[in-house]
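Peer 1: Following this line is protein-v2.tsv, made up of TSV, C-alpha atoms and all ligand atoms:
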chain	number	residue	atom	x	y	z
J	1	MET	CA	11.54	-9.83	-5.12
J	2	THR	CA	12.33	-6.14	-5.48
J	3	PRO	CA	11.26	-4.35	-2.30
J	4	LEU	CA	8.46	-1.89	-2.75
J	5	ILE	CA	8.52	1.43	-0.89
J	6	ILE	CA	5.29	3.40	-1.13
J	7	ALA	CA	4.78	7.00	-0.01
J	8	ASN	CA	1.16	7.51	1.03
J	9	TRP	CA	0.74	11.25	1.34
J	10	LYS	CA	-2.89	10.94	2.47
J	11	MET	CA	-4.70	14.32	2.39
J	12	HIS	CA	-1.50	16.36	2.21
J	13	ALA	CA	0.23	18.25	-0.60
J	14	THR	CA	-1.10	20.70	-3.15
J	15	ILE	CA	0.18	20.52	-6.72
J	16	ASP	CA	3.02	22.93	-5.92
J	17	GLU	CA	3.98	21.04	-2.78
J	18	THR	CA	3.83	17.73	-4.65
J	19	VAL	CA	6.14	18.90	-7.41
J	20	LYS	CA	8.53	20.42	-4.87
J	21	LEU	CA	8.66	17.24	-2.78
J	22	LEU	CA	9.11	15.01	-5.82
J	23	THR	CA	11.83	17.21	-7.24
J	24	GLU	CA	13.74	17.12	-3.97
J	25	ILE	CA	13.39	13.36	-3.52
J	26	ARG	CA	14.11	12.63	-7.16
J	27	PHE	CA	17.24	14.76	-7.09
J	28	SER	CA	18.66	12.83	-4.12
J	29	LEU	CA	17.51	9.34	-5.02
J	30	ASN	CA	18.06	9.55	-8.75
J	31	ASN	CA	16.48	6.32	-10.06
J	32	PRO	CA	17.41	4.02	-7.19
J	33	ASP	CA	18.44	0.46	-8.00
J	34	GLY	CA	17.18	-2.47	-6.00
J	35	VAL	CA	13.96	-0.87	-4.74
J	36	GLU	CA	10.75	0.12	-6.45
J	37	VAL	CA	9.59	3.51	-5.20
J	38	VAL	CA	5.96	4.57	-5.59
J	39	PHE	CA	4.27	7.85	-4.69
J	40	ALA	CA	0.60	8.19	-3.78
J	41	PRO	CA	-0.23	11.91	-3.72
J	42	PRO	CA	-3.85	13.14	-3.55
J	43	PHE	CA	-5.96	12.72	-6.72
J	44	THR	CA	-5.62	16.41	-7.59
J	45	ALA	CA	-1.82	16.19	-7.80
J	46	LEU	CA	-1.56	12.88	-9.69
J	47	TYR	CA	-1.25	14.36	-13.15
J	48	SER	CA	1.39	16.88	-12.11
J	49	ALA	CA	3.24	14.08	-10.32
J	50	HIS	CA	3.05	11.99	-13.49
J	51	ILE	CA	4.65	14.81	-15.47
J	52	ALA	CA	7.27	15.44	-12.76
J	53	LEU	CA	8.26	11.76	-12.75
J	54	GLN	CA	8.49	11.25	-16.50
J	55	GLU	CA	11.68	9.49	-17.57
J	56	THR	CA	12.30	8.17	-14.06
J	57	ASN	CA	11.79	4.73	-12.51
J	58	PHE	CA	9.43	6.12	-9.89
J	59	LYS	CA	5.83	4.99	-10.15
J	60	LEU	CA	2.48	6.39	-9.10
J	61	ALA	CA	-0.34	5.06	-6.99
J	62	ALA	CA	-3.77	6.49	-6.25
J	63	GLN	CA	-5.08	6.38	-2.68
J	64	ASP	CA	-8.49	4.96	-3.62
J	65	LEU	CA	-10.83	4.23	-6.54
J	66	PHE	CA	-14.53	3.59	-7.09
J	67	TRP	CA	-15.68	0.11	-8.06
J	68	GLU	CA	-17.91	1.06	-11.00
J	69	LEU	CA	-16.28	1.66	-14.37
J	70	GLU	CA	-18.22	4.88	-15.15
J	71	GLY	CA	-21.65	6.45	-14.64
J	72	PRO	CA	-23.71	8.75	-12.44
J	73	TYR	CA	-21.53	8.60	-9.30
J	74	THR	CA	-20.88	12.23	-8.44
J	75	GLY	CA	-17.52	12.72	-6.82
J	76	GLU	CA	-16.15	9.26	-7.52
J	77	ILE	CA	-13.01	8.30	-9.46
J	78	ALA	CA	-12.87	5.32	-11.82
J	79	GLY	CA	-9.85	3.09	-12.26
J	80	SER	CA	-9.59	4.05	-15.93
J	81	PHE	CA	-9.09	7.71	-14.88
J	82	LEU	CA	-6.23	6.62	-12.68
J	83	LYS	CA	-4.63	4.79	-15.60
J	84	ASP	CA	-5.18	7.93	-17.62
J	85	VAL	CA	-3.01	9.98	-15.22
J	86	GLY	CA	-0.26	7.39	-15.17
J	87	CYS	CA	-1.01	5.29	-12.08
J	88	HIS	CA	0.37	1.74	-11.86
J	89	TYR	CA	-0.98	1.02	-8.39
J	90	VAL	CA	-3.99	1.84	-6.24
J	91	ILE	CA	-4.37	1.62	-2.47
J	92	VAL	CA	-7.54	-0.24	-1.50
J	93	ALA	CA	-9.34	-0.25	1.85
J	94	HIS	CA	-6.82	1.72	3.87
J	95	SER	CA	-7.86	1.57	7.53
J	96	GLU	CA	-8.65	5.30	7.42
J	97	ARG	CA	-11.22	4.53	4.73
J	98	ARG	CA	-12.54	1.56	6.64
J	99	ARG	CA	-12.84	3.63	9.82
J	100	SER	CA	-13.92	7.07	8.59
J	101	PHE	CA	-15.86	6.17	5.42
J	102	GLY	CA	-17.46	2.89	6.40
J	103	GLU	CA	-15.59	0.76	3.87
J	104	THR	CA	-16.46	-2.84	4.52
J	105	ASP	CA	-14.76	-6.00	3.29
J	106	GLU	CA	-17.48	-6.24	0.64
J	107	ILE	CA	-16.49	-2.81	-0.67
J	108	ALA	CA	-12.81	-3.73	-0.48
J	109	ASN	CA	-13.58	-6.79	-2.61
J	110	LYS	CA	-15.41	-4.71	-5.23
J	111	LYS	CA	-12.54	-2.23	-5.33
J	112	VAL	CA	-9.92	-4.98	-5.72
J	113	ARG	CA	-11.91	-6.34	-8.68
J	114	ALA	CA	-12.27	-2.88	-10.23
J	115	ALA	CA	-8.54	-2.28	-9.92
J	116	LEU	CA	-7.72	-5.62	-11.53
J	117	THR	CA	-10.18	-4.97	-14.37
J	118	GLN	CA	-8.36	-1.71	-15.11
J	119	ASP	CA	-4.95	-3.34	-14.94
J	120	LEU	CA	-4.01	-1.44	-11.79
J	121	ILE	CA	-2.05	-3.29	-9.11
J	122	PRO	CA	-4.09	-3.26	-5.89
J	123	ILE	CA	-2.37	-2.54	-2.59
J	124	LEU	CA	-4.88	-4.16	-0.28
J	125	CYS	CA	-4.62	-2.88	3.29
J	126	ILE	CA	-5.50	-5.10	6.22
J	127	GLY	CA	-4.81	-4.76	9.92
J	128	GLU	CA	-6.14	-5.24	13.40
J	129	THR	CA	-7.11	-2.56	15.93
J	130	ASP	CA	-5.51	-2.18	19.32
J	131	ALA	CA	-8.51	-3.81	21.01
J	132	GLU	CA	-8.38	-6.77	18.61
J	133	ARG	CA	-4.66	-7.30	19.28
J	134	LYS	CA	-5.13	-7.04	23.02
J	135	SER	CA	-7.87	-9.65	22.93
J	136	ASN	CA	-5.70	-12.04	20.85
J	137	GLN	CA	-7.86	-11.77	17.75
J	138	THR	CA	-5.17	-10.48	15.40
J	139	MET	CA	-4.79	-13.56	13.21
J	140	GLU	CA	-8.52	-14.22	13.09
J	141	VAL	CA	-9.22	-10.63	12.01
J	142	LEU	CA	-6.53	-10.71	9.32
J	143	GLN	CA	-7.67	-14.05	7.99
J	144	LYS	CA	-11.26	-12.83	7.76
J	145	GLN	CA	-10.20	-9.66	5.95
J	146	LEU	CA	-8.09	-11.62	3.45
J	147	LYS	CA	-10.83	-14.15	2.76
J	148	ARG	CA	-13.55	-11.56	2.33
J	149	ASP	CA	-11.49	-8.99	0.44
J	150	LEU	CA	-10.23	-11.64	-2.00
J	151	GLN	CA	-13.48	-13.52	-2.31
J	152	GLU	CA	-13.80	-15.05	-5.79
J	153	ILE	CA	-10.62	-13.38	-6.98
J	154	ALA	CA	-8.90	-15.90	-9.24
J	155	MET	CA	-5.36	-17.08	-8.71
J	156	SER	CA	-4.45	-15.80	-12.19
J	157	ASP	CA	-5.41	-12.27	-11.06
J	158	LEU	CA	-2.82	-12.29	-8.32
J	159	LYS	CA	0.28	-12.27	-10.50
J	160	ASN	CA	0.78	-8.67	-9.46
J	161	PHE	CA	-0.70	-8.02	-6.10
J	162	VAL	CA	0.31	-6.31	-2.89
J	163	VAL	CA	-1.01	-6.90	0.61
J	164	ALA	CA	-0.16	-4.15	3.10
J	165	TYR	CA	-0.21	-5.15	6.74
J	166	GLU	CA	-1.02	-1.96	8.61
J	167	PRO	CA	-1.91	-2.51	12.26
J	168	VAL	CA	-4.36	0.29	13.03
J	169	TRP	CA	-2.68	1.00	16.39
J	170	ALA	CA	0.64	1.65	14.65
J	171	ILE	CA	-0.63	4.19	12.11
J	172	GLY	CA	0.39	7.75	12.87
J	173	THR	CA	1.12	6.91	16.50
J	174	GLY	CA	4.92	6.64	16.47
J	175	ASN	CA	4.50	3.06	17.80
J	176	ASN	CA	5.60	0.79	15.00
J	177	ALA	CA	5.00	-2.94	15.33
J	178	THR	CA	8.11	-4.77	16.50
J	179	VAL	CA	10.16	-6.85	14.10
J	180	GLU	CA	8.90	-9.98	15.91
J	181	GLN	CA	5.25	-8.94	15.53
J	182	VAL	CA	5.75	-8.08	11.87
J	183	GLU	CA	7.54	-11.35	11.16
J	184	GLU	CA	4.82	-13.38	12.85
J	185	VAL	CA	1.99	-11.61	11.04
J	186	HIS	CA	3.64	-11.57	7.61
J	187	SER	CA	4.34	-15.32	7.83
J	188	PHE	CA	0.74	-15.85	8.82
J	189	ILE	CA	-0.47	-13.78	5.85
J	190	ARG	CA	1.82	-15.71	3.47
J	191	ASN	CA	0.58	-19.06	4.83
J	192	THR	CA	-3.04	-17.96	4.64
J	193	LEU	CA	-2.59	-16.92	1.01
J	194	ALA	CA	-0.88	-20.26	0.29
J	195	LYS	CA	-3.89	-22.08	1.73
J	196	MET	CA	-6.36	-19.89	-0.18
J	197	TYR	CA	-4.42	-20.26	-3.46
J	198	ASP	CA	-1.13	-22.13	-3.58
J	199	ALA	CA	2.44	-21.65	-2.39
J	200	PRO	CA	3.88	-20.24	-5.65
J	201	THR	CA	1.06	-17.67	-5.85
J	202	ALA	CA	1.53	-16.72	-2.19
J	203	SER	CA	5.27	-16.30	-2.70
J	204	ARG	CA	4.71	-13.91	-5.61
J	205	ILE	CA	2.43	-11.58	-3.64
J	206	ARG	CA	4.35	-8.73	-2.04
J	207	ILE	CA	3.49	-8.34	1.63
J	208	ILE	CA	4.51	-4.91	2.86
J	209	TYR	CA	4.38	-3.30	6.29
J	210	GLY	CA	2.98	0.12	7.23
J	211	GLY	CA	2.59	1.95	10.53
J	212	SER	CA	5.04	4.54	11.92
J	213	VAL	CA	7.84	3.60	9.51
J	214	LYS	CA	10.68	6.12	9.83
J	215	GLY	CA	14.26	6.55	8.74
J	216	ASP	CA	15.58	4.81	11.82
J	217	ASN	CA	13.35	1.71	11.88
J	218	ALA	CA	13.12	1.09	8.11
J	219	PHE	CA	16.32	-0.97	7.94
J	220	SER	CA	15.26	-3.57	10.50
J	221	LEU	CA	11.69	-3.76	9.19
J	222	LEU	CA	12.84	-4.15	5.61
J	223	HIS	CA	15.27	-6.91	6.57
J	224	THR	CA	12.60	-8.91	8.37
J	225	LYS	CA	11.55	-12.25	6.89
J	226	ASN	CA	8.50	-12.04	4.63
J	227	VAL	CA	8.62	-8.24	4.49
J	228	ASP	CA	8.66	-7.23	0.83
J	229	GLY	CA	8.38	-3.49	1.30
J	230	LEU	CA	7.03	-0.60	3.33
J	231	LEU	CA	3.99	1.67	3.16
J	232	VAL	CA	4.99	5.00	4.62
J	233	GLY	CA	2.68	7.80	5.77
J	234	GLY	CA	4.01	10.78	7.75
J	235	ALA	CA	7.72	10.16	7.12
J	236	SER	CA	7.17	10.10	3.35
J	237	LEU	CA	6.38	13.83	3.45
J	238	ILE	CA	9.82	14.60	4.88
J	239	PRO	CA	12.38	14.20	2.08
J	240	GLU	CA	15.41	13.30	4.30
J	241	GLN	CA	13.33	10.67	6.09
J	242	PHE	CA	11.87	9.16	2.96
J	243	ILE	CA	15.23	9.12	1.18
J	244	LYS	CA	16.76	7.32	4.17
J	245	ILE	CA	13.90	4.77	4.10
J	246	CYS	CA	14.40	4.14	0.37
J	247	GLN	CA	18.12	3.67	0.88
J	248	SER	CA	17.75	1.32	3.84
J	249	LYS	CA	17.79	-1.87	1.77
J	250	GLU	CA	21.40	-1.15	0.92
J	251	SER	CA	22.64	0.42	4.17
J	301	LIG	P1	2.24	6.52	9.24
J	301	LIG	O1	3.53	6.10	8.56
J	301	LIG	O2	2.09	8.00	9.35
J	301	LIG	O3	2.09	5.79	10.54
J	301	LIG	O4	1.05	6.04	8.31
J	301	LIG	C1	1.03	4.74	7.85
J	301	LIG	C2	0.00	4.60	6.80
J	301	LIG	O5	-1.18	4.69	7.07
J	301	LIG	C3	0.46	4.41	5.41
J	301	LIG	O6	-0.59	4.04	4.59
What does the file become when written as structure tokens?

Peer 2:
Amino acid sequence: MTPLIIANWKMHATIDETVKLLTEIRFSLNNPDGVEVVFAPPFTALYSAHIALQETNFKLAAQDLFWELEGPYTGEIAGSFLKDVGCHYVIVAHSERRRSFGETDEIANKKVRAALTQDLIPILCIGETDAERKSNQTMEVLQKQLKRDLQEIAMSDLKNFVVAYEPVWAIGTGNNATVEQVEEVHSFIRNTLAKMYDAPTASRIRIIYGGSVKGDNAFSLLHTKNVDGLLVGGASLIPEQFIKICQSKES
């Protein structure tokens, strides 16, 4: 499976900053082989990013979508609009949305369905909090999230699907999960998906890790069993760091 490296810029980068960052990264990476690189700038910069990335192998993701297809939902963004600006992927239920905007597993499920309906590849984020890990609930929490977020999603819809394991305690803290923790959790996620669907389906789903990924830990994380890619926040806004992360499959 080609490793997937996703830059989640969160609420950073104007149009000018987006184009500048992409130009710098694109110049140094120049259509990398062996990894799929995806950028998720804010909604307002997606179209400019799409233009800046034309005739490259880089792809675009949105950071969120609304579950309805269209209608009187002031402020919301439909999946079809994301297709319209060139997105291939969409992040669903990032822990920042779960925590700050009250996104529940029910909402995550609706958003996964909406993404699939619009032919967008969902990047479904799951992860435990610090308190949940400390009280040994990690696997239970992840299993619950997977079951609820994928409720009544058919096996045939998971041909192209990404699960991002992002432990909440590792996001933006500088404390990445250890290789051992990541390996244990990713195997658990793969096995859970195999039980929910079947082994071939589970093996096709890319399970990526996010949480304080940087240039100097990307190599070991990316070479961990059952890690099919990385979801990068802060370090993806620093070109040298992100370039190093994208090159770490080879190094
Ligand atoms: P950081 O890489 O800044 O920890 O953020 C991770 C993340 O939330 C990516 O979606």

Peer 1: So, with only C-alpha atoms as the atoms that count, which of J:Ala154, J:Leu146, J:Pro32, J:Ser80 lies closest to J:Asn191?

Peer 2: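 Once distances to J:Asn191 are computed over only C-alpha atoms, the minimum belongs to J:Leu146.
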
Peer 1: Which residue, J:Asp149, J:Glu96, J:Asp64, J:Asp157, has the smallest gap to ligand LIG 301 (chain J) when you use all atoms listed in the file?

Peer 2: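 Of J:Asp149, J:Glu96, J:Asp64, J:Asp157, the one nearest ligand LIG 301 (chain J), counting all atoms listed in the file, is J:Glu96.
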
Peer 1: Please, what distance in Å, to one decimal, runs between atom CA of J:Lys244 and atom CA of J:Asp216?

Peer 2: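 Value for the atom CA of J:Lys244-atom CA of J:Asp216 distance: 8.1 Å.
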
Peer 1: Around ligand LIG 301 (chain J), out to 10 Å and counting all atoms listed in the file, which residues are there? I want them as a PyMOL selection string.

Peer 2: chain J and resi 6-10+40+63+91+94-96+123+125+164-176+209-214+230-237

Peer 1: Identify which of the residues J:Leu65, J:Leu124, J:Val112, J:Ile205 lies closest to J:Glu152, counting all atoms listed in the file when measuring atom-to-atom distances.

Peer 2: J:Val112

Peer 1: Please identify all polymer residues within 12 Å of J:Ile15, counting all atoms listed in the file, omitting same-chain residues fewer than 6 positions from it, and present them as a list in words.

Peer 2: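 Using all atoms listed in the file, the neighbours found are Leu21, Leu22, Pro41, Pro42, Phe43, Thr44, Ala45, Leu46, Tyr47, Ser48, Ala49, His50, Ile51 and Ala52 of chain J.
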
Peer 1: Rank J:Phe81, J:Phe161, J:Tyr89, J:Tyr197 by their smallest atom-to-atom distance to J:Glu68, using all atoms listed in the file, and report the top residue only.

Peer 2: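 Comparing J:Phe81, J:Phe161, J:Tyr89, J:Tyr197 against J:Glu68, the winner is J:Phe81.
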
Peer 1: As an exercise, work out the distance from atom CA of J:Glu103 to atom CA of J:Glu76 in Å and give it to one decimal place.

Peer 2: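 Atom CA of J:Glu103 sits 14.2 Å away from atom CA of J:Glu76.
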
Peer 1: If I take atom CA of J:Ile238 and atom CA of J:Val182, how far is one from the other in Å, to one decimal?

Peer 2: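 Between atom CA of J:Ile238 and atom CA of J:Val182 the gap is 24.1 Å.
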
Peer 1: List the neighbours of J:Gly79 out to 12 Å using only C-alpha atoms; skip same-chain residues closer than 2 positions along the sequence, and give me the result as number ranges by chain.

Peer 2: J: 43, 61-70, 76-77, 81-92, 110-122

Peer 1: With all atoms listed in the file as the counted atoms, please give the residues lying no more than 12 Å from J:Asn31, apart from itself and same-chain residues fewer than 3 positions off, as a ChimeraX atom specification.

Peer 2: /J:25-28,34-38,53-59,243,246-247

Peer 1: Which protein, DNA or RNA residues have an atom at most 8 Å from (9.5, -10.0, -3.6), counting only C-alpha atoms? List them as a list in words.

Peer 2: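 Final list of nearby residues, as requested, is Met1, Thr2, Pro3, Ser203, Arg204, Ile205, Arg206 and Asp228 of chain J.
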
Peer 1: Using only C-alpha atoms, find each residue in stretch 155-250 of chain J having at least one atom no more than 8 Å away from stretch 131-144 of chain J; report its shortest atom-to-atom pair and that distance in Å (one decimal), rows by chain then rising number, as a Markdown table.

Peer 2:
| residue | atom | partner | partner_atom | distance |
| --- | --- | --- | --- | --- |
| J:Val185 | CA | J:Met139 | CA | 7.4 |
| J:Phe188 | CA | J:Met139 | CA | 7.4 |
| J:Ile189 | CA | J:Gln143 | CA | 7.5 |
| J:Thr192 | CA | J:Gln143 | CA | 6.9 |

Peer 1: Identify, on the basis of only C-alpha atoms, every residue whose closest approach to J:Thr178 does not exceed 10 Å; exclude the query and any residue fewer than 6 positions from it along the same chain; express the result as a list in words.

Peer 2: Glu184, Asn217, Ser220 and Leu221 of chain J

Peer 1: Check the smallest atom-to-atom distance from each of J:Ala78, J:Ile107, J:Val227, J:Val179 to J:Lys249 using all atoms listed in the file, then report the winner.

Peer 2: J:Val227

Peer 1: Quick one: stretch 77-88 of chain J from the block, all heavy atoms, as a PDB file, in the first residue's frame.

Peer 2:
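File produced: result-v3.pdb:
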ATOM      1  N   ILE J  77     -20.746  23.453   4.603  1.00  0.00           N
ATOM      2  CA  ILE J  77     -20.102  23.137   3.326  1.00  0.00           C
ATOM      3  C   ILE J  77     -20.456  21.703   2.934  1.00  0.00           C
ATOM      4  O   ILE J  77     -20.191  20.762   3.689  1.00  0.00           O
ATOM      5  CB  ILE J  77     -18.555  23.241   3.453  1.00  0.00           C
ATOM      6  CG1 ILE J  77     -18.111  24.607   3.976  1.00  0.00           C
ATOM      7  CG2 ILE J  77     -17.866  22.903   2.124  1.00  0.00           C
ATOM      8  CD1 ILE J  77     -18.152  25.744   2.992  1.00  0.00           C
ATOM      9  N   ALA J  78     -21.035  21.564   1.746  1.00  0.00           N
ATOM     10  CA  ALA J  78     -21.442  20.231   1.271  1.00  0.00           C
ATOM     11  C   ALA J  78     -20.274  19.520   0.587  1.00  0.00           C
ATOM     12  O   ALA J  78     -19.375  20.158   0.030  1.00  0.00           O
ATOM     13  CB  ALA J  78     -22.593  20.374   0.279  1.00  0.00           C
ATOM     14  N   GLY J  79     -20.347  18.198   0.602  1.00  0.00           N
ATOM     15  CA  GLY J  79     -19.314  17.398  -0.049  1.00  0.00           C
ATOM     16  C   GLY J  79     -19.156  17.741  -1.522  1.00  0.00           C
ATOM     17  O   GLY J  79     -18.035  17.751  -2.049  1.00  0.00           O
ATOM     18  N   SER J  80     -20.275  18.020  -2.192  1.00  0.00           N
ATOM     19  CA  SER J  80     -20.186  18.321  -3.634  1.00  0.00           C
ATOM     20  C   SER J  80     -19.364  19.588  -3.879  1.00  0.00           C
ATOM     21  O   SER J  80     -18.676  19.710  -4.891  1.00  0.00           O
ATOM     22  CB  SER J  80     -21.585  18.472  -4.234  1.00  0.00           C
ATOM     23  OG  SER J  80     -22.290  19.482  -3.541  1.00  0.00           O
ATOM     24  N   PHE J  81     -19.396  20.534  -2.916  1.00  0.00           N
ATOM     25  CA  PHE J  81     -18.596  21.763  -3.079  1.00  0.00           C
ATOM     26  C   PHE J  81     -17.101  21.422  -2.968  1.00  0.00           C
ATOM     27  O   PHE J  81     -16.256  22.063  -3.586  1.00  0.00           O
ATOM     28  CB  PHE J  81     -18.936  22.813  -2.009  1.00  0.00           C
ATOM     29  CG  PHE J  81     -20.387  23.193  -1.899  1.00  0.00           C
ATOM     30  CD1 PHE J  81     -20.851  23.880  -0.781  1.00  0.00           C
ATOM     31  CD2 PHE J  81     -21.293  22.891  -2.912  1.00  0.00           C
ATOM     32  CE1 PHE J  81     -22.189  24.237  -0.664  1.00  0.00           C
ATOM     33  CE2 PHE J  81     -22.637  23.241  -2.795  1.00  0.00           C
ATOM     34  CZ  PHE J  81     -23.085  23.913  -1.672  1.00  0.00           C
ATOM     35  N   LEU J  82     -16.839  20.446  -2.135  1.00  0.00           N
ATOM     36  CA  LEU J  82     -15.431  20.046  -1.953  1.00  0.00           C
ATOM     37  C   LEU J  82     -14.911  19.358  -3.212  1.00  0.00           C
ATOM     38  O   LEU J  82     -13.779  19.575  -3.635  1.00  0.00           O
ATOM     39  CB  LEU J  82     -15.301  19.128  -0.734  1.00  0.00           C
ATOM     40  CG  LEU J  82     -15.787  19.748   0.580  1.00  0.00           C
ATOM     41  CD1 LEU J  82     -15.668  18.758   1.721  1.00  0.00           C
ATOM     42  CD2 LEU J  82     -14.994  21.017   0.907  1.00  0.00           C
ATOM     43  N   LYS J  83     -15.772  18.552  -3.830  1.00  0.00           N
ATOM     44  CA  LYS J  83     -15.398  17.941  -5.119  1.00  0.00           C
ATOM     45  C   LYS J  83     -15.143  19.040  -6.144  1.00  0.00           C
ATOM     46  O   LYS J  83     -14.209  18.982  -6.931  1.00  0.00           O
ATOM     47  CB  LYS J  83     -16.525  17.044  -5.645  1.00  0.00           C
ATOM     48  CG  LYS J  83     -16.690  15.749  -4.940  1.00  0.00           C
ATOM     49  CD  LYS J  83     -15.511  14.848  -5.069  1.00  0.00           C
ATOM     50  CE  LYS J  83     -15.489  14.046  -6.358  1.00  0.00           C
ATOM     51  NZ  LYS J  83     -14.435  12.999  -6.322  1.00  0.00           N
ATOM     52  N   ASP J  84     -16.014  20.038  -6.084  1.00  0.00           N
ATOM     53  CA  ASP J  84     -15.958  21.157  -7.019  1.00  0.00           C
ATOM     54  C   ASP J  84     -14.612  21.898  -6.968  1.00  0.00           C
ATOM     55  O   ASP J  84     -14.139  22.400  -7.979  1.00  0.00           O
ATOM     56  CB  ASP J  84     -17.094  22.120  -6.618  1.00  0.00           C
ATOM     57  CG  ASP J  84     -17.506  23.037  -7.727  1.00  0.00           C
ATOM     58  OD1 ASP J  84     -17.355  22.639  -8.894  1.00  0.00           O
ATOM     59  OD2 ASP J  84     -17.986  24.149  -7.425  1.00  0.00           O
ATOM     60  N   VAL J  85     -14.001  21.958  -5.777  1.00  0.00           N
ATOM     61  CA  VAL J  85     -12.700  22.642  -5.677  1.00  0.00           C
ATOM     62  C   VAL J  85     -11.538  21.647  -5.719  1.00  0.00           C
ATOM     63  O   VAL J  85     -10.411  21.991  -5.354  1.00  0.00           O
ATOM     64  CB  VAL J  85     -12.572  23.532  -4.415  1.00  0.00           C
ATOM     65  CG1 VAL J  85     -13.418  24.772  -4.522  1.00  0.00           C
ATOM     66  CG2 VAL J  85     -12.890  22.768  -3.145  1.00  0.00           C
ATOM     67  N   GLY J  86     -11.823  20.436  -6.145  1.00  0.00           N
ATOM     68  CA  GLY J  86     -10.720  19.510  -6.421  1.00  0.00           C
ATOM     69  C   GLY J  86     -10.293  18.608  -5.277  1.00  0.00           C
ATOM     70  O   GLY J  86      -9.215  18.014  -5.327  1.00  0.00           O
ATOM     71  N   CYS J  87     -11.134  18.478  -4.236  1.00  0.00           N
ATOM     72  CA  CYS J  87     -10.740  17.592  -3.128  1.00  0.00           C
ATOM     73  C   CYS J  87     -10.939  16.116  -3.492  1.00  0.00           C
ATOM     74  O   CYS J  87     -11.944  15.750  -4.104  1.00  0.00           O
ATOM     75  CB  CYS J  87     -11.574  17.874  -1.877  1.00  0.00           C
ATOM     76  SG  CYS J  87     -11.181  19.450  -1.134  1.00  0.00           S
ATOM     77  N   HIS J  88     -10.008  15.282  -3.060  1.00  0.00           N
ATOM     78  CA  HIS J  88     -10.154  13.821  -3.167  1.00  0.00           C
ATOM     79  C   HIS J  88     -10.569  13.238  -1.818  1.00  0.00           C
ATOM     80  O   HIS J  88     -11.182  12.188  -1.755  1.00  0.00           O
ATOM     81  CB  HIS J  88      -8.813  13.172  -3.526  1.00  0.00           C
ATOM     82  CG  HIS J  88      -8.510  13.178  -4.971  1.00  0.00           C
ATOM     83  ND1 HIS J  88      -8.039  14.282  -5.631  1.00  0.00           N
ATOM     84  CD2 HIS J  88      -8.618  12.199  -5.902  1.00  0.00           C
ATOM     85  CE1 HIS J  88      -7.855  13.986  -6.900  1.00  0.00           C
ATOM     86  NE2 HIS J  88      -8.203  12.728  -7.093  1.00  0.00           N
TER      87      HIS J  88
END
